[in-house]
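First the structure, in the form of C-alpha cells, and then the observations on it.
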Amino acid sequence: MTAKQAEALLEGLDANQRRAVQSTSGPVRIIAGAGAGKTRTITRRIAYACALDVWNPAHALAVTFSAKAAAEMRSRLAALGAGEVRAKTFHSAALSQLRFVWSSLTDEPFPVLRATSLPALSEAVRVVTNQSDLDIHDLRLINSEIDWTKVSLIAPEDYPAVCSATGRIPPAQLDPVTFAKVALEFERQKGALGEMNFNDILLLVCHILQAFPEQARRIRRGIDCVTVDEYQDVSPLQHRLLRLWLGGITEVCVVGDAAQTIYSFAGATSHYLLDFAREFAPVHSDIVLDRDYRSTPQIVHYANRVLDASPCRDDYLTLVSARGDGHPIRPTVYDDELDEARGIASRVSRLVSLGVRPGDIGVLARTNAQLVPIRKALADAGIPLTVRGDRREAQEALSAGDLANARHAAYAEDDAAWDAQAEKDMDDDGSDGAEDQRTGGAETGVSGTAGAGRPGGASSGDGATGRDDIAPSVDGGAEDDAPTAAAADRRMERERLITELLDTPGAVAEGRADPGSVSLSTIHSSKGLEWRYVFVAGCADGLIPYGRPRSDAEREEERRLMYVAVTRAEDALFPSYPKGQSTAPSVRRPLSPFLRGM
C-alpha cells in the first residue's frame with residue numbers, strides 16, 4: 001500500500017478519530033463513547049500502521065470479546081488491506097498459542113475442551129459434601145462462581161478470606177470453606193476426565209508464559225503489537241494475560257468506555273482502563289472520542305443525565321451528539337407489567353404500520369422474566385420477533401420470587417453465554433489453527449491436565465496465590481462415548497449450550513439483528529447492538545436497579561446498565577414502567593431513580 005493509499009484511510013474521520021489513527025506508537029488509550037465510531041477508528045488505525053510499515057501485520061494481534069466482534073474486525077481489516085492481522089477473542093488467541101507449544105511441553109494429548117464440566121462438578125460436590133442429589137440449577141451456579149474465582153485470580157484457598165472481607169455469599173447454600181474444597185476437588189475431577197474449560201486455557205497460557213522461557217519466547221515472537229477492544233470489560237485474568245503477552249514491549253492500544261462496564265459480576269472491571277495512564281506511563285497518546293454519531297441530541301442528553309448523579313461521574317464521558325434534532329423522550333406509566341406489555345406491542349404495531357422495518361425496533365428489559373409478557377403481547381399482535389437472553393433457569397428463579405437465586409441465575413446465564421460464545425469462536429475463527437480448534441471441541445477424544453484450571457504462577461500483584469503445577473498425566477476421554485448416565489448428561493449439556501447459542505446469543509458484535517423481526521432482549525444481551533427505535537421496559541425502582549443492590553458498586557453497575565439501554569437508540573427512545581404488579585395489586589413501584597427528574 002502506498003503512502004497515498006494510507007492517507008486515504010484518514011478520509012471521513014473527525015479530528016480526534018484522525019489523531020487516534022495516526023497514533024501508531026504505543027502505549028495508546030482511546031476512551032470511546034457510545035456511537036463514537038470506535039470500531040471504524042481502531043481498524044483504520046491498525047490498517048494505517050501496517051500500510052506505513054510501522055507494524056508487520058502478521059505480528060499484529062487485535063483482541064475483542066466475542067466471535068462476532070472478532071469476525072467483524074477481520075472483515076473490516078481485510079477490506080482495508082490488512083487481512084493478515086489476527087483478530088481474535090482472548091480465548092481463541094490463547095487456545096492457538098496453547099496448541100502451538102503443547103507438544104514441546106508434554107507427550108500427553110491435548111485436553112478435551114468443555115464449555116462446562118457438570119458431571120465432574122457433580123462428582124466433586126459428592127466427594128466433598130456427600131450430596132448426590134444437587135440439581136443442575138445449583139451445579140450451574142457453583143460452576144459460575146468457580147469461573148468467577150478464576151477470572152478474578154482468586155485461589156480456592158483464598159476464597160473464604162475474600163468472602164469474609166467482601167460479604168460475598170457462595171451459591172447453593174455452601175459455606176465458603178466447603179465451596180473452596182469443592183473448587184479444588186473439581187480440578188482433580190477434570191484432570192481425571194482429561195477435560196479443561198475455557199478459562200483454564202487463559203490460566204494455562206499465563207503459566208506457560210511465566211514458567212517456561214522457551215515456549216514464552218515462541219509465543220511472544222509472533223506478537224509485536226496488541227490492540228484490545230472493550231478494555232473496560234477485561235478481568236484480572238485477561239489483564240494478566242495481556243501483560244504476559246507484551247513482555248517488555250509497549251506497543252499496546254486499549255479502547256473502551258468505563259460507562260459501559262456491565263459485566264462486573266463476571267469479573268470484569270474498568271480499573272485497568274482508568275488506570276492505564278499510570279500503569280503504562282509514559283503514555284504516548286491518550287485520546288477521547290466523545291462525539292456520538294448514532295443518537296439524537298435528546299437521547300444523548302438523556303444518557304448523560306443517567307450518569308450525572310453518579311458518584312463516579314468523573315470516570316465517565318459526557319457525550320455530544322453529532323446529529324440533528326430528534327424526538328422528545330417521555331416515560332410512559334402503565335398499571336402493571338401486563339398493561340405495559342400490551343402498550344409496547346400496540347406502539348410497535350403502530351410503528352410497523354407507518355412503514356418502520358421490524359428489524360429497526362428493539363425492546364429491552366433488565367431481566368428475563370420481564371420479557372415473557374412482552375413476548376406474548378408481541379406474538380399476539382402478529383409481530384415477528386427475535387428473542388435474545390431468554391434462558392429458562394433465570395425465568396424460573398424469578399417466577400419463584402427468589403431474588404438471591406434469581407441474581408445468581410442471571411449471572412450464571414451470562415457466564416454460560418460467554419462460554420458458549422467462546423466455544424463457537426473456536427469453531428468460527430478464521431485464523432491459523434482454525435481446523436485444530438474445531439476438532440479440539442467437545443467430541444474430540446484427547447486427554448487433559450490435572451489441575452488445568454489452576455492459575456499456575458500468577459503473580460500476587462494481581463491478587464492470586466501462585467500455583468505452578470502444569471501436570472498432564474491422565475488418560476484419554478474415550479469414556480465420553482460410553483452408554484453411561486454421565487456421558488448422556490454431557491451430551492445433553494452440549495446440546496443445551498448449542499441451543500442457547502443459536503437461539504439467544506449472549507455476546508454479540510456491533511450491527512443489526514434480522515431486518516424482518518423486532519428484537520426482544522435483555523439489556524446485557526443488547527450490548528453492541530443498536531436500533532432506530534428502542535423501547536426500554538420496566539424502568540421502575542426494584543427492576544432497574546434490580547432488587548436491592550447490596551453495595552454501591554452493584555448500584556453503579558445498574559446505572560451503567562440503564563445507560564447502555566438508552567444508548568442503543570438512534571432516532572427515538574421509549575422508556576416505560578409499570579406502577580403496579582398484576583400478581584400483587586397492592587404493591588406500587590416508583591420510577592427508577594436513574595430517570596427521576598428527567
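In the C-alpha cells, chains take letters A, B, ... by order of appearance, with residues numbered from 1 within each chain and ligands from 1 in the order shown.
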Ser103 (chain A) environment, 12 Å, only C-alpha atoms, sequence neighbours closer than 6 positions dropped, as number ranges by chain: A: 97, 109-111, 215, 472
Which residues in region 138-300 of chain A does DSSP call alpha helix (DSSP H)? List them as a PyMOL selection string. chain A and resi 138-151+159-166+176-193+198-211+213-220+236-246+271-274+276-279+297-300
Using only C-alpha atoms, please write the residues we just selected to a file, as a short mmCIF file (atom, residue, chain, number, x, y, z; two decimals), in the first residue's frame.
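Result saved to again-v9.cif:
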```cif
data_model
loop_
_atom_site.label_atom_id
_atom_site.label_comp_id
_atom_site.auth_asym_id
_atom_site.auth_seq_id
_atom_site.Cartn_x
_atom_site.Cartn_y
_atom_site.Cartn_z
CA ASP A 138 -27.33 -25.35 41.66
CA LEU A 139 -24.50 -27.01 39.77
CA ARG A 140 -24.56 -24.21 37.20
CA LEU A 141 -24.46 -21.61 39.96
CA ILE A 142 -21.45 -23.31 41.54
CA ASN A 143 -19.77 -23.56 38.13
CA SER A 144 -20.38 -19.85 37.56
CA GLU A 145 -18.84 -18.97 40.91
CA ILE A 146 -15.78 -21.12 40.19
CA ASP A 147 -15.37 -19.30 36.89
CA TRP A 148 -15.60 -16.01 38.77
CA THR A 149 -12.76 -17.04 41.09
CA LYS A 150 -10.62 -17.95 38.10
CA VAL A 151 -11.12 -14.75 36.14
CA TYR A 159 -11.84 -17.75 48.69
CA PRO A 160 -13.03 -17.88 52.32
CA ALA A 161 -10.99 -14.78 53.16
CA VAL A 162 -12.44 -12.95 50.15
CA CYS A 163 -15.97 -13.83 51.28
CA SER A 164 -15.20 -12.65 54.79
CA ALA A 165 -13.78 -9.35 53.55
CA THR A 166 -16.44 -8.57 50.95
CA PRO A 176 -17.02 -20.55 51.86
CA VAL A 177 -14.68 -23.25 53.17
CA THR A 178 -16.78 -26.04 51.66
CA PHE A 179 -17.02 -24.16 48.37
CA ALA A 180 -13.22 -23.85 48.26
CA LYS A 181 -12.89 -27.60 48.82
CA VAL A 182 -15.39 -28.26 46.01
CA ALA A 183 -13.40 -25.97 43.68
CA LEU A 184 -10.17 -27.86 44.39
CA GLU A 185 -11.84 -31.24 44.00
CA PHE A 186 -13.41 -30.05 40.74
CA GLU A 187 -9.94 -29.51 39.26
CA ARG A 188 -8.93 -33.02 40.33
CA GLN A 189 -12.05 -34.49 38.76
CA LYS A 190 -11.48 -32.62 35.49
CA GLY A 191 -7.91 -33.88 35.44
CA ALA A 192 -9.14 -37.44 35.85
CA LEU A 193 -11.52 -36.96 32.93
CA PHE A 198 -12.44 -22.06 28.65
CA ASN A 199 -10.89 -20.02 31.43
CA ASP A 200 -8.43 -22.85 32.02
CA ILE A 201 -6.99 -22.01 28.59
CA LEU A 202 -6.10 -18.50 29.76
CA LEU A 203 -4.70 -19.77 33.06
CA LEU A 204 -2.50 -22.33 31.35
CA VAL A 205 -1.11 -19.82 28.85
CA CYS A 206 -0.37 -17.40 31.70
CA HIS A 207 1.51 -20.18 33.48
CA ILE A 208 3.47 -21.13 30.38
CA LEU A 209 4.46 -17.52 29.72
CA GLN A 210 5.74 -17.24 33.29
CA ALA A 211 7.36 -20.61 33.88
CA PRO A 213 11.03 -19.34 28.90
CA GLU A 214 11.48 -21.14 25.57
CA GLN A 215 7.76 -21.57 24.98
CA ALA A 216 7.14 -17.99 26.14
CA ARG A 217 9.70 -16.78 23.60
CA ARG A 218 7.97 -18.74 20.82
CA ILE A 219 4.58 -17.26 21.71
CA ARG A 220 5.86 -13.68 22.03
CA PRO A 236 -7.84 -9.62 36.20
CA LEU A 237 -7.05 -12.88 34.40
CA GLN A 238 -7.28 -11.30 30.94
CA HIS A 239 -5.25 -8.32 32.11
CA ARG A 240 -2.60 -10.69 33.44
CA LEU A 241 -2.50 -12.50 30.10
CA LEU A 242 -2.17 -9.22 28.22
CA ARG A 243 0.81 -8.14 30.34
CA LEU A 244 2.44 -11.51 29.81
CA TRP A 245 1.86 -11.34 26.05
CA LEU A 246 3.53 -7.95 25.94
CA HIS A 271 -10.00 -0.33 36.71
CA TYR A 272 -7.43 -1.26 34.08
CA LEU A 273 -8.88 1.17 31.55
CA LEU A 274 -8.98 4.02 34.06
CA PHE A 276 -3.88 2.71 32.06
CA ALA A 277 -2.04 6.06 32.04
CA ARG A 278 -0.37 5.22 35.34
CA GLU A 279 0.29 1.55 34.62
CA PRO A 297 -29.28 15.11 20.95
CA GLN A 298 -32.36 14.19 23.01
CA ILE A 299 -31.16 10.62 23.50
CA VAL A 300 -27.60 11.71 24.24
#
```
For each of A:Arg568, A:Lys527, A:Arg548, A:Arg347, take the minimum atom-to-atom distance to Thr261 (chain A), counting only C-alpha atoms, then give the residue where this is smallest. A:Lys527
Which value, in Å to one decimal, gives the distance between CA of Asp53 (chain A) and CA of Asp14 (chain A)?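 Calculated distance between CA of Asp53 (chain A) and CA of Asp14 (chain A) is 23.7 Å.
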Output as a JSON list (two decimals) with C-alpha atoms, in the first residue's frame all residues of region 28-120 of chain A that backbone DSSP marks as strand (DSSP E).
```json
[["chain", "number", "residue", "atom", "x", "y", "z"],
["A", 28, "VAL", "CA", -2.19, 4.39, 23.47],
["A", 29, "ARG", "CA", -5.51, 4.68, 25.29],
["A", 30, "ILE", "CA", -8.69, 5.55, 23.41],
["A", 31, "ILE", "CA", -11.74, 6.36, 25.52],
["A", 32, "ALA", "CA", -14.56, 5.83, 23.04],
["A", 60, "ALA", "CA", -0.20, -7.66, 14.99],
["A", 61, "LEU", "CA", -2.88, -9.03, 17.34],
["A", 62, "ALA", "CA", -6.30, -7.44, 17.84],
["A", 63, "VAL", "CA", -8.34, -8.82, 20.72],
["A", 64, "THR", "CA", -12.02, -8.43, 21.44],
["A", 86, "ARG", "CA", -5.08, -11.64, 13.60],
["A", 87, "ALA", "CA", -8.35, -10.54, 15.18],
["A", 88, "LYS", "CA", -9.41, -12.95, 17.90],
["A", 89, "THR", "CA", -11.06, -13.27, 21.26],
["A", 112, "VAL", "CA", -10.79, -32.12, 25.91],
["A", 113, "LEU", "CA", -12.29, -28.65, 25.74]]
```
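Among the candidates A:Ala34, A:Val54, A:Asp514, A:Cys312, the one nearest to Ala6 (chain A) when counting only C-alpha atoms is A:Val54.
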Considering only C-alpha atoms, return as an mmCIF file with all heavy atoms, in the first residue's frame whatever protein or nucleic-acid residues lie within 7 Å of region 251-258 of chain A, sequence-local ones (same chain, fewer than 4 positions apart) excluded.
```
data_model
loop_
_atom_site.group_PDB
_atom_site.id
_atom_site.type_symbol
_atom_site.label_atom_id
_atom_site.label_comp_id
_atom_site.auth_asym_id
_atom_site.auth_seq_id
_atom_site.Cartn_x
_atom_site.Cartn_y
_atom_site.Cartn_z
ATOM 1 N N SER A 25 2.335 4.645 17.567
ATOM 2 C CA SER A 25 3.294 4.188 18.574
ATOM 3 C C SER A 25 2.608 4.148 19.919
ATOM 4 O O SER A 25 1.899 5.077 20.308
ATOM 5 C CB SER A 25 4.503 5.133 18.639
ATOM 6 O OG SER A 25 5.206 5.124 17.419
ATOM 7 N N GLY A 26 2.838 3.068 20.645
ATOM 8 C CA GLY A 26 2.195 2.909 21.936
ATOM 9 C C GLY A 26 3.062 3.377 23.079
ATOM 10 O O GLY A 26 4.211 3.785 22.874
ATOM 11 N N PRO A 27 2.494 3.323 24.273
ATOM 12 C CA PRO A 27 1.137 2.907 24.640
ATOM 13 C C PRO A 27 0.090 3.979 24.254
ATOM 14 O O PRO A 27 0.361 5.172 24.333
ATOM 15 C CB PRO A 27 1.187 2.752 26.161
ATOM 16 C CG PRO A 27 2.640 2.728 26.521
ATOM 17 C CD PRO A 27 3.322 3.566 25.478
ATOM 18 N N VAL A 28 -1.109 3.501 23.870
ATOM 19 C CA VAL A 28 -2.193 4.395 23.474
ATOM 20 C C VAL A 28 -3.472 3.953 24.196
ATOM 21 O O VAL A 28 -3.783 2.769 24.249
ATOM 22 C CB VAL A 28 -2.426 4.348 21.952
ATOM 23 C CG1 VAL A 28 -3.656 5.165 21.574
ATOM 24 C CG2 VAL A 28 -1.197 4.863 21.208
ATOM 25 N N ARG A 29 -4.186 4.943 24.728
ATOM 26 C CA ARG A 29 -5.513 4.685 25.290
ATOM 27 C C ARG A 29 -6.523 5.530 24.525
ATOM 28 O O ARG A 29 -6.329 6.724 24.337
ATOM 29 C CB ARG A 29 -5.578 5.030 26.773
ATOM 30 C CG ARG A 29 -6.984 4.865 27.357
ATOM 31 C CD ARG A 29 -7.009 5.059 28.874
ATOM 32 N NE ARG A 29 -6.641 6.413 29.273
ATOM 33 C CZ ARG A 29 -6.653 6.839 30.550
ATOM 34 N NH1 ARG A 29 -6.986 5.992 31.521
ATOM 35 N NH2 ARG A 29 -6.300 8.069 30.836
ATOM 36 N N ILE A 30 -7.602 4.866 24.084
ATOM 37 C CA ILE A 30 -8.692 5.554 23.406
ATOM 38 C C ILE A 30 -9.956 5.347 24.224
ATOM 39 O O ILE A 30 -10.445 4.222 24.344
ATOM 40 C CB ILE A 30 -8.901 5.027 21.969
ATOM 41 C CG1 ILE A 30 -7.610 5.173 21.151
ATOM 42 C CG2 ILE A 30 -10.047 5.765 21.298
ATOM 43 C CD1 ILE A 30 -7.679 4.503 19.783
ATOM 44 N N ILE A 31 -10.458 6.411 24.816
ATOM 45 C CA ILE A 31 -11.743 6.360 25.518
ATOM 46 C C ILE A 31 -12.815 6.677 24.483
ATOM 47 O O ILE A 31 -12.894 7.797 23.979
ATOM 48 C CB ILE A 31 -11.793 7.371 26.677
ATOM 49 C CG1 ILE A 31 -10.615 7.162 27.639
ATOM 50 C CG2 ILE A 31 -13.124 7.241 27.420
ATOM 51 C CD1 ILE A 31 -10.619 5.840 28.372
ATOM 52 N N ALA A 32 -13.602 5.681 24.144
ATOM 53 C CA ALA A 32 -14.561 5.830 23.042
ATOM 54 C C ALA A 32 -15.974 5.638 23.559
ATOM 55 O O ALA A 32 -16.341 4.550 24.005
ATOM 56 C CB ALA A 32 -14.261 4.814 21.941
ATOM 57 N N GLY A 33 -16.772 6.698 23.509
ATOM 58 C CA GLY A 33 -18.143 6.643 23.981
ATOM 59 C C GLY A 33 -19.054 5.907 23.023
ATOM 60 O O GLY A 33 -18.678 5.558 21.897
ATOM 61 N N ASP A 224 4.090 -8.387 18.035
ATOM 62 C CA ASP A 224 4.828 -7.119 18.114
ATOM 63 C C ASP A 224 3.966 -5.992 18.666
ATOM 64 O O ASP A 224 4.497 -5.004 19.192
ATOM 65 C CB ASP A 224 5.320 -6.712 16.724
ATOM 66 C CG ASP A 224 6.422 -7.612 16.206
ATOM 67 O OD1 ASP A 224 7.028 -8.330 17.026
ATOM 68 O OD2 ASP A 224 6.661 -7.609 14.986
ATOM 69 N N CYS A 225 2.641 -6.119 18.504
ATOM 70 C CA CYS A 225 1.744 -5.064 18.982
ATOM 71 C C CYS A 225 0.372 -5.676 19.242
ATOM 72 O O CYS A 225 -0.033 -6.633 18.577
ATOM 73 C CB CYS A 225 1.636 -3.931 17.959
ATOM 74 S SG CYS A 225 1.246 -4.488 16.290
ATOM 75 N N VAL A 226 -0.321 -5.129 20.227
ATOM 76 C CA VAL A 226 -1.620 -5.657 20.638
ATOM 77 C C VAL A 226 -2.611 -4.511 20.735
ATOM 78 O O VAL A 226 -2.311 -3.453 21.316
ATOM 79 C CB VAL A 226 -1.544 -6.398 21.991
ATOM 80 C CG1 VAL A 226 -2.911 -6.968 22.361
ATOM 81 C CG2 VAL A 226 -0.495 -7.497 21.969
ATOM 82 N N THR A 227 -3.798 -4.719 20.176
ATOM 83 C CA THR A 227 -4.917 -3.794 20.328
ATOM 84 C C THR A 227 -6.030 -4.536 21.058
ATOM 85 O O THR A 227 -6.401 -5.639 20.646
ATOM 86 C CB THR A 227 -5.438 -3.315 18.964
ATOM 87 O OG1 THR A 227 -4.375 -2.662 18.253
ATOM 88 C CG2 THR A 227 -6.614 -2.359 19.131
ATOM 89 N N VAL A 228 -6.546 -3.962 22.132
ATOM 90 C CA VAL A 228 -7.600 -4.604 22.910
ATOM 91 C C VAL A 228 -8.844 -3.728 22.879
ATOM 92 O O VAL A 228 -8.842 -2.603 23.365
ATOM 93 C CB VAL A 228 -7.181 -4.861 24.374
ATOM 94 C CG1 VAL A 228 -8.265 -5.670 25.095
ATOM 95 C CG2 VAL A 228 -5.857 -5.604 24.436
ATOM 96 N N ASP A 229 -9.914 -4.272 22.302
ATOM 97 C CA ASP A 229 -11.202 -3.587 22.266
ATOM 98 C C ASP A 229 -11.986 -3.909 23.540
ATOM 99 O O ASP A 229 -11.738 -4.916 24.206
ATOM 100 C CB ASP A 229 -11.972 -4.060 21.031
ATOM 101 C CG ASP A 229 -13.205 -3.223 20.745
ATOM 102 O OD1 ASP A 229 -13.337 -2.132 21.320
ATOM 103 O OD2 ASP A 229 -14.043 -3.673 19.942
ATOM 104 N N GLU A 230 -12.950 -3.061 23.875
ATOM 105 C CA GLU A 230 -13.804 -3.261 25.061
ATOM 106 C C GLU A 230 -12.961 -3.479 26.316
ATOM 107 O O GLU A 230 -13.234 -4.347 27.139
ATOM 108 C CB GLU A 230 -14.753 -4.442 24.838
ATOM 109 C CG GLU A 230 -15.651 -4.327 23.620
ATOM 110 C CD GLU A 230 -16.785 -3.327 23.811
ATOM 111 O OE1 GLU A 230 -16.895 -2.735 24.904
ATOM 112 O OE2 GLU A 230 -17.568 -3.144 22.856
ATOM 113 N N TYR A 231 -11.942 -2.651 26.471
ATOM 114 C CA TYR A 231 -10.990 -2.859 27.565
ATOM 115 C C TYR A 231 -11.628 -2.643 28.932
ATOM 116 O O TYR A 231 -11.090 -3.092 29.946
ATOM 117 C CB TYR A 231 -9.786 -1.928 27.380
ATOM 118 C CG TYR A 231 -8.561 -2.298 28.195
ATOM 119 C CD1 TYR A 231 -7.943 -3.523 28.023
ATOM 120 C CD2 TYR A 231 -8.022 -1.405 29.116
ATOM 121 C CE1 TYR A 231 -6.805 -3.860 28.762
ATOM 122 C CE2 TYR A 231 -6.889 -1.728 29.841
ATOM 123 C CZ TYR A 231 -6.285 -2.960 29.674
ATOM 124 O OH TYR A 231 -5.163 -3.292 30.400
ATOM 125 N N GLN A 232 -12.780 -1.976 28.971
ATOM 126 C CA GLN A 232 -13.455 -1.799 30.247
ATOM 127 C C GLN A 232 -13.995 -3.114 30.787
ATOM 128 O O GLN A 232 -14.372 -3.194 31.961
ATOM 129 C CB GLN A 232 -14.608 -0.790 30.132
ATOM 130 C CG GLN A 232 -15.890 -1.320 29.495
ATOM 131 C CD GLN A 232 -15.856 -1.364 27.987
ATOM 132 O OE1 GLN A 232 -14.925 -0.833 27.373
ATOM 133 N NE2 GLN A 232 -16.848 -1.974 27.364
ATOM 134 N N SER A 270 -13.449 -1.956 35.100
ATOM 135 C CA SER A 270 -12.937 -0.821 34.328
ATOM 136 C C SER A 270 -11.658 -0.253 34.937
ATOM 137 O O SER A 270 -11.096 0.705 34.409
ATOM 138 C CB SER A 270 -13.997 0.285 34.249
ATOM 139 O OG SER A 270 -14.322 0.754 35.551
ATOM 140 N N LEU A 273 -8.705 0.082 32.509
ATOM 141 C CA LEU A 273 -8.879 1.169 31.548
ATOM 142 C C LEU A 273 -8.584 2.509 32.204
ATOM 143 O O LEU A 273 -7.843 3.347 31.655
ATOM 144 C CB LEU A 273 -10.298 1.155 30.992
ATOM 145 C CG LEU A 273 -10.669 2.299 30.046
ATOM 146 C CD1 LEU A 273 -9.879 2.197 28.746
ATOM 147 C CD2 LEU A 273 -12.173 2.312 29.763
ATOM 148 N N ASP A 315 -15.378 9.520 36.103
ATOM 149 C CA ASP A 315 -14.822 8.399 35.342
ATOM 150 C C ASP A 315 -15.489 8.224 33.980
ATOM 151 O O ASP A 315 -15.004 7.454 33.146
ATOM 152 C CB ASP A 315 -14.984 7.079 36.117
ATOM 153 C CG ASP A 315 -14.142 7.027 37.380
ATOM 154 O OD1 ASP A 315 -13.166 7.801 37.466
ATOM 155 O OD2 ASP A 315 -14.461 6.221 38.264
ATOM 156 N N TYR A 316 -16.599 8.917 33.766
ATOM 157 C CA TYR A 316 -17.407 8.702 32.565
ATOM 158 C C TYR A 316 -17.330 9.897 31.617
ATOM 159 O O TYR A 316 -17.204 11.049 32.049
ATOM 160 C CB TYR A 316 -18.871 8.471 32.943
ATOM 161 C CG TYR A 316 -19.108 7.356 33.929
ATOM 162 C CD1 TYR A 316 -20.103 7.468 34.896
ATOM 163 C CD2 TYR A 316 -18.360 6.182 33.903
ATOM 164 C CE1 TYR A 316 -20.349 6.449 35.807
ATOM 165 C CE2 TYR A 316 -18.593 5.159 34.802
ATOM 166 C CZ TYR A 316 -19.591 5.293 35.758
ATOM 167 O OH TYR A 316 -19.819 4.279 36.652
#
```
Would you mind listing what lies within 10 Å of Ala51 (chain A) as a count of residues only, with only C-alpha atoms counted and same-chain residues fewer than 5 positions away left out? 15
Nearest residue to Ala58 (chain A) out of A:Gly324, A:Pro170, A:Gly362, A:Gly222, using only C-alpha atoms? A:Gly222
Would you kindly return, as a PyMOL selection string, each protein, DNA or RNA residue with an atom no farther than 10 Å from any atom of Ser310 (chain A), considering only C-alpha atoms and excluding same-chain residues fewer than 5 positions away? chain A and resi 305+315-316+555-556+559-560+594
Applying 12 Å and only C-alpha atoms, which residues near Pro590 (chain A) remain after dropping the ones on its own chain fewer than 2 positions away? List them as a VMD selection string. chain A and resid 333 to 336 538 to 545 576 to 581 587 to 588 592 to 596
